[in-house]
file work_37.txt (compact mmCIF, C-alpha atoms)
# COMPACT_ATOMS: atom_id res chain seq x y z
CA MET A 1 90.35 -21.45 140.70
CA GLN A 2 91.01 -21.91 144.40
CA GLN A 3 92.99 -19.47 146.52
CA SER A 4 94.73 -20.39 149.80
CA ALA A 5 95.14 -17.95 152.63
CA THR A 6 98.81 -17.42 151.69
CA THR A 7 98.30 -17.07 147.91
CA SER A 8 97.70 -13.65 146.34
CA ILE A 9 94.84 -13.20 143.90
CA TYR A 10 97.36 -12.29 141.18
CA ALA A 11 99.38 -15.46 141.77
CA ALA A 12 96.20 -17.53 141.74
CA ILE A 13 95.16 -15.98 138.42
CA LEU A 14 98.53 -16.79 136.88
CA ASP A 15 98.20 -20.35 138.15
CA MET A 16 94.68 -20.93 136.81
CA ASP A 17 94.03 -24.13 134.89
CA GLN A 18 94.48 -23.36 131.19
CA GLY A 19 92.27 -26.25 130.16
CA GLU A 20 89.39 -24.98 132.28
CA LEU A 21 89.96 -21.45 130.92
CA GLU A 22 89.79 -22.65 127.31
CA ALA A 23 86.67 -24.70 128.06
CA PHE A 24 85.07 -21.56 129.51
CA ARG A 25 86.00 -19.56 126.42
CA THR A 26 84.53 -22.28 124.21
CA ARG A 27 81.23 -22.07 126.07
CA LEU A 28 81.21 -18.29 125.55
CA ARG A 29 81.85 -18.67 121.84
CA ARG A 30 78.96 -21.08 121.53
CA ARG A 31 76.59 -18.43 122.85
CA TYR A 32 76.93 -16.48 119.62
CA GLY A 33 76.96 -17.74 116.06
CA ARG A 34 79.28 -16.40 113.39
CA ASP A 35 76.41 -14.74 111.52
CA GLU A 36 75.25 -12.94 114.65
CA LEU A 37 78.73 -11.57 115.35
CA VAL A 38 79.16 -10.47 111.74
CA ALA A 39 75.77 -8.74 111.81
CA GLU A 40 76.71 -6.87 115.01
CA LEU A 41 79.92 -5.61 113.42
CA ARG A 42 78.17 -4.50 110.24
CA ASP A 43 75.39 -2.75 112.17
CA CYS A 44 77.96 -0.90 114.28
CA ALA A 45 79.85 0.16 111.15
CA ALA A 46 76.61 1.46 109.62
CA ARG A 47 75.88 3.53 112.72
CA LEU A 48 79.43 4.95 112.84
CA GLY A 49 79.83 5.40 109.11
CA ALA A 50 83.23 3.73 109.45
CA SER A 51 84.83 0.40 110.27
CA PRO A 52 84.77 0.33 114.12
CA THR A 53 87.78 -0.05 116.39
CA MET A 54 87.42 -2.32 119.43
CA ARG A 55 86.92 0.75 121.64
CA GLU A 56 84.25 2.22 119.35
CA PHE A 57 82.45 -1.11 119.28
CA ALA A 58 82.63 -1.39 123.09
CA GLU A 59 81.29 2.18 123.48
CA ASP A 60 78.44 1.70 120.98
CA PRO A 61 75.30 1.71 123.15
CA ASP A 62 73.42 -0.34 120.56
CA ALA A 63 76.03 -3.13 120.37
CA THR A 64 75.00 -6.08 122.53
CA ILE A 65 78.21 -8.15 122.36
CA HIS A 66 81.55 -7.40 124.01
CA PRO A 67 84.42 -6.95 121.52
CA GLN A 68 86.51 -9.57 123.31
CA THR A 69 83.83 -12.15 122.53
CA VAL A 70 84.25 -11.24 118.87
CA VAL A 71 88.04 -11.57 119.11
CA ASP A 72 87.75 -14.93 120.90
CA HIS A 73 85.58 -16.24 118.09
CA PHE A 74 87.65 -15.01 115.12
CA GLY A 75 91.15 -14.90 116.64
CA SER A 76 91.70 -11.15 116.16
CA TRP A 77 89.72 -7.97 115.68
CA ASN A 78 90.90 -7.48 112.09
CA ALA A 79 90.08 -11.11 111.24
CA ALA A 80 86.54 -10.48 112.52
CA LYS A 81 86.24 -7.32 110.43
CA ARG A 82 87.48 -9.12 107.33
CA ALA A 83 84.85 -11.82 107.92
CA ALA A 84 82.25 -9.04 108.12
CA GLY A 85 83.52 -7.44 104.92
CA LEU A 86 84.84 -4.40 106.80
CA MET A 87 88.15 -2.70 106.11
CA PRO A 88 90.87 -2.59 108.79
CA ARG A 89 91.46 0.91 110.17
CA ARG A 90 95.10 0.90 109.08
CA ARG A 91 95.95 2.24 105.62
CA ALA A 92 94.51 -0.26 103.17
CA THR A 93 96.71 -1.61 100.38
CA ARG A 94 95.84 -0.99 96.74
CA ASP A 95 94.87 -4.66 96.41
CA GLU A 96 92.51 -4.35 99.41
CA LEU A 97 90.94 -1.22 97.96
CA ILE A 98 90.35 -2.89 94.59
CA GLY A 99 89.05 -6.02 96.32
CA ALA A 100 86.51 -3.93 98.25
CA LEU A 101 85.28 -2.32 95.02
CA ARG A 102 84.94 -5.67 93.28
CA GLY A 103 83.11 -7.13 96.26
CA LEU A 104 80.64 -4.23 96.26
CA GLY A 105 80.13 -4.64 92.53
CA GLU A 106 79.40 -8.36 92.94
CA GLU A 107 76.93 -7.55 95.70
CA LEU A 108 75.15 -4.95 93.53
CA GLY A 109 75.43 -6.86 90.27
CA ARG A 110 76.73 -3.74 88.49
CA ARG A 111 79.39 -1.06 88.55
CA PRO A 112 79.25 0.77 91.90
CA THR A 113 78.32 4.44 91.82
CA THR A 114 79.69 7.12 94.13
CA ARG A 115 76.43 6.97 96.05
CA ASP A 116 76.82 3.19 96.46
CA ILE A 117 80.33 3.69 97.82
CA GLU A 118 79.23 6.30 100.33
CA ALA A 119 76.33 4.09 101.44
CA ALA A 120 78.78 1.24 102.05
CA ARG A 121 81.10 3.26 104.31
CA GLY A 122 82.86 0.96 106.74
CA ARG A 123 82.87 -1.90 104.27
CA VAL A 124 84.30 0.23 101.46
CA PRO A 125 86.61 3.26 101.92
CA SER A 126 85.47 6.71 100.88
CA ARG A 127 85.80 8.16 97.39
CA GLY A 128 88.60 10.39 98.70
CA VAL A 129 90.69 7.38 99.72
CA TYR A 130 90.39 5.97 96.19
CA ALA A 131 91.21 9.31 94.58
CA LYS A 132 94.34 9.60 96.73
CA ALA A 133 95.48 6.04 96.00
CA PHE A 134 94.67 5.91 92.26
CA GLY A 135 94.38 9.52 91.14
CA SER A 136 90.63 9.33 90.58
CA MET A 137 87.62 7.19 91.35
CA ARG A 138 87.29 6.47 87.64
CA GLU A 139 90.80 5.01 87.49
CA ALA A 140 90.12 2.83 90.54
CA LEU A 141 86.96 1.49 88.91
CA ARG A 142 88.85 0.82 85.69
CA ILE A 143 91.53 -1.17 87.52
CA ALA A 144 88.81 -3.09 89.35
CA GLY A 145 87.49 -4.17 85.95
CA PHE A 146 84.44 -1.92 85.69
CA GLU A 147 83.55 0.22 82.71
CA ALA A 148 84.97 3.67 83.33
CA PRO A 149 83.81 6.07 80.59
CA SER A 150 86.24 8.69 79.33
CA ARG A 151 85.65 12.41 79.80
CA ASP A 152 84.33 12.68 76.24
CA GLU A 153 81.93 9.79 76.83
CA ARG A 154 80.68 11.34 80.06
CA LEU A 155 80.20 14.68 78.32
CA ALA A 156 78.25 13.09 75.48
CA ARG A 157 76.07 11.20 77.96
CA SER A 158 75.50 14.43 79.91
CA ILE A 159 74.31 16.22 76.79
CA ASP A 160 72.05 13.27 75.91
CA HIS A 161 70.68 13.24 79.46
CA GLY A 162 69.95 16.97 79.26
CA ALA A 163 68.30 16.53 75.85
CA GLU A 164 66.07 13.77 77.17
CA PHE A 165 65.07 16.04 80.04
CA LEU A 166 64.25 18.87 77.58
CA LEU A 167 62.15 16.59 75.39
CA ARG A 168 60.33 15.19 78.41
CA THR A 169 59.63 18.46 80.25
CA GLY A 170 59.82 21.12 77.56
CA ARG A 171 62.47 23.12 79.39
CA LEU A 172 66.24 23.28 79.47
CA PRO A 173 67.98 21.94 82.58
CA SER A 174 69.17 24.66 84.96
CA PHE A 175 72.45 24.55 86.91
CA ARG A 176 70.53 24.46 90.16
CA ASP A 177 68.38 21.52 89.01
CA TRP A 178 71.15 19.45 87.49
CA GLU A 179 72.15 17.28 90.48
CA ARG A 180 68.52 16.26 90.95
CA ILE A 181 68.20 15.59 87.23
CA ARG A 182 71.50 13.69 87.20
CA GLY A 183 70.60 11.44 90.14
CA ASP A 184 73.22 8.82 90.95
CA ARG A 185 74.44 8.38 87.36
CA ASP A 186 78.22 8.59 87.63
CA GLU A 187 78.49 8.32 83.86
CA VAL A 188 76.90 11.80 83.70
CA MET A 189 79.01 14.81 84.74
CA THR A 190 78.19 16.89 87.79
CA ALA A 191 77.01 20.47 87.33
CA TRP A 192 80.44 21.84 88.26
CA GLN A 193 82.24 19.44 85.92
CA LEU A 194 80.02 20.65 83.10
CA TYR A 195 80.60 24.26 84.10
CA ARG A 196 84.37 23.82 84.00
CA THR A 197 84.12 22.00 80.65
CA PHE A 198 82.22 24.85 78.98
CA GLU A 199 83.66 27.86 80.84
CA ARG A 200 86.19 28.68 78.08
CA LEU A 201 83.23 29.56 75.85
CA GLY A 202 81.98 32.15 78.33
CA GLY A 203 78.52 31.83 79.87
CA ALA A 204 79.42 28.25 80.69
CA TRP A 205 75.98 26.92 81.59
CA SER A 206 74.25 28.56 78.64
CA ALA A 207 76.89 26.95 76.37
CA PHE A 208 75.95 23.57 77.83
CA GLN A 209 72.26 24.37 77.36
CA PHE A 210 72.96 25.25 73.72
CA SER A 211 74.56 21.80 73.22
CA VAL A 212 71.56 20.20 74.91
CA ASP A 213 69.15 22.12 72.67
CA GLU A 214 71.05 21.06 69.52
CA ARG A 215 71.07 17.44 70.62
CA ALA A 216 67.34 17.53 71.38
CA ARG A 217 66.71 18.83 67.85
CA GLU A 218 68.70 15.92 66.45
CA LEU A 219 66.59 13.50 68.47
CA SER A 220 63.34 15.27 67.65
CA PRO A 221 63.53 17.51 64.56
CA ALA A 222 60.03 18.80 65.26
CA LEU A 223 61.21 20.48 68.47
CA VAL A 224 60.35 24.18 68.43
CA ALA A 225 62.64 26.62 70.18
CA ALA A 226 61.24 28.10 73.37
call {"tool": "encode", "arguments": {"input": "work_37.txt", "output": "structure tokens"}}
result
Amino acid sequence: MQQSATTSIYAAILDMDQGELEAFRTRLRRRYGRDELVAELRDCAARLGASPTMREFAEDPDATIHPQTVVDHFGSWNAAKRAAGLMPRRRATRDELIGALRGLGEELGRRPTTRDIEAARGRVPSRGVYAKAFGSMREALRIAGFEAPSRDERLARSIDHGAEFLLRTGRLPSFRDWERIRGDRDEVMTAWQLYRTFERLGGAWSAFQFSVDERARELSPALVAA
């Protein structure tokens, strides 16, 4: 771009050769491969815990590529994020939410757990987003084609899980210990879900422990009461 003494910088910019500009942009794009750009976006999302905006990406001190370079390569910021498996920061459609769940399931080779979903923040919306859109995480998983056990099934599995713990350790599971005992098994109820299930019986946790003890005796008739 050449500028005469009587031409303003702004006018010279507007008059720049479009062919030369596009050739320059092409050379910039060649500096970075698609995989490298996708990796930068995913790494930024992991650091933020959310799908990054252009500004957040530009302000990320660990990002080594300018967001405009990403846009030049993919055509738009949202197209780049889709290529990276990240969700746009607008409100996702129900189809997009279900697609994200299915994609995570294919990646894991199994039904995603709540812990999987939280670990994939940025690529997959939070559990709260799914609960708001579908009424519950279980319903979203069901629509996505994953096994979503009913409340009765989850309760039965919780009692079995508690019984297995009793037979293995010789003690009944406590409320305080339950989340550690439960791990990331979404098919097993949380401690508070169990509490609410049994609270009508009074002494909610002891009622659950009674069910666990009975189930353990069914599995091992030789079990002696503590």
call {"tool": "residues_around", "arguments": {"input": "work_37.txt", "residues": "A:Phe134", "least_positions_apart": "2", "cutoff": "12 Å", "atoms": "only C-alpha atoms", "output": "VMD selection string"}}
result
chain A and resid 93 to 95 97 to 98 127 to 132 136 to 144
call {"tool": "atom_distance", "arguments": {"input": "work_37.txt", "atom1": "atom CA of A:Leu194", "atom2": "atom CA of A:Leu101"}}
result
26.4 Å
call {"tool": "residues_around", "arguments": {"input": "work_37.txt", "residues": "A:Arg123", "least_positions_apart": "6", "cutoff": "7 Å", "atoms": "all atoms listed in the file", "output": "PyMOL selection string"}}
result
chain A and resi 51+85-87
call {"tool": "residues_around", "arguments": {"input": "work_37.txt", "residues": "stretch 170-183 of chain A", "least_positions_apart": "2", "cutoff": "12 Å", "atoms": "only C-alpha atoms", "output": "ChimeraX atom specification"}}
result
/A:113-115,154,157-168,185-195,203-216,223-226
call {"tool": "atom_distance", "arguments": {"input": "work_37.txt", "atom1": "atom CA of A:Ala84", "atom2": "atom CA of A:Arg31"}}
result
18.4 Å
call {"tool": "closest_residue", "arguments": {"input": "work_37.txt", "among": "A:Asp152, A:Glu20, A:Asp43, A:Glu218", "to": "A:Lys81", "atoms": "only C-alpha atoms"}}
result
A:Asp43
call {"tool": "atom_distance", "arguments": {"input": "work_37.txt", "atom1": "atom CA of A:Gly33", "atom2": "atom CA of A:Ala83"}}
result
12.8 Å
call {"tool": "axis_aligned_box", "arguments": {"input": "work_37.txt", "around": "stretch 40-45 of chain A", "padding_each_side": "8 Å", "output": "AutoDock Vina command-line options"}}
result
--center_x 77.7 --center_y -3.4 --center_z 112.6 --size_x 20.5 --size_y 23.0 --size_z 20.8
call {"tool": "closest_residue", "arguments": {"input": "work_37.txt", "among": "A:Ala46, A:Leu104, A:Leu41, A:Ala92", "to": "A:Trp77", "atoms": "all atoms listed in the file"}}
result
A:Leu41
call {"tool": "closest_residue", "arguments": {"input": "work_37.txt", "among": "A:Ala133, A:Asp116, A:Cys44, A:Gln18", "to": "A:Glu56", "atoms": "all atoms listed in the file"}}
result
A:Cys44
call {"tool": "residues_around", "arguments": {"input": "work_37.txt", "residues": "A:Leu37", "least_positions_apart": "4", "cutoff": "9 Å", "atoms": "all atoms listed in the file", "output": "mmCIF file with C-alpha atoms, keeping the file's coordinate frame"}}
result
data_model
loop_
_atom_site.group_PDB
_atom_site.id
_atom_site.type_symbol
_atom_site.label_atom_id
_atom_site.label_comp_id
_atom_site.auth_asym_id
_atom_site.auth_seq_id
_atom_site.Cartn_x
_atom_site.Cartn_y
_atom_site.Cartn_z
ATOM 1 C CA TYR A 32 76.930 -16.480 119.620
ATOM 2 C CA GLY A 33 76.960 -17.740 116.060
ATOM 3 C CA LEU A 41 79.920 -5.610 113.420
ATOM 4 C CA ARG A 42 78.170 -4.500 110.240
ATOM 5 C CA ILE A 65 78.210 -8.150 122.360
ATOM 6 C CA THR A 69 83.830 -12.150 122.530
ATOM 7 C CA VAL A 70 84.250 -11.240 118.870
ATOM 8 C CA HIS A 73 85.580 -16.240 118.090
ATOM 9 C CA ALA A 80 86.540 -10.480 112.520
ATOM 10 C CA ALA A 84 82.250 -9.040 108.120
#
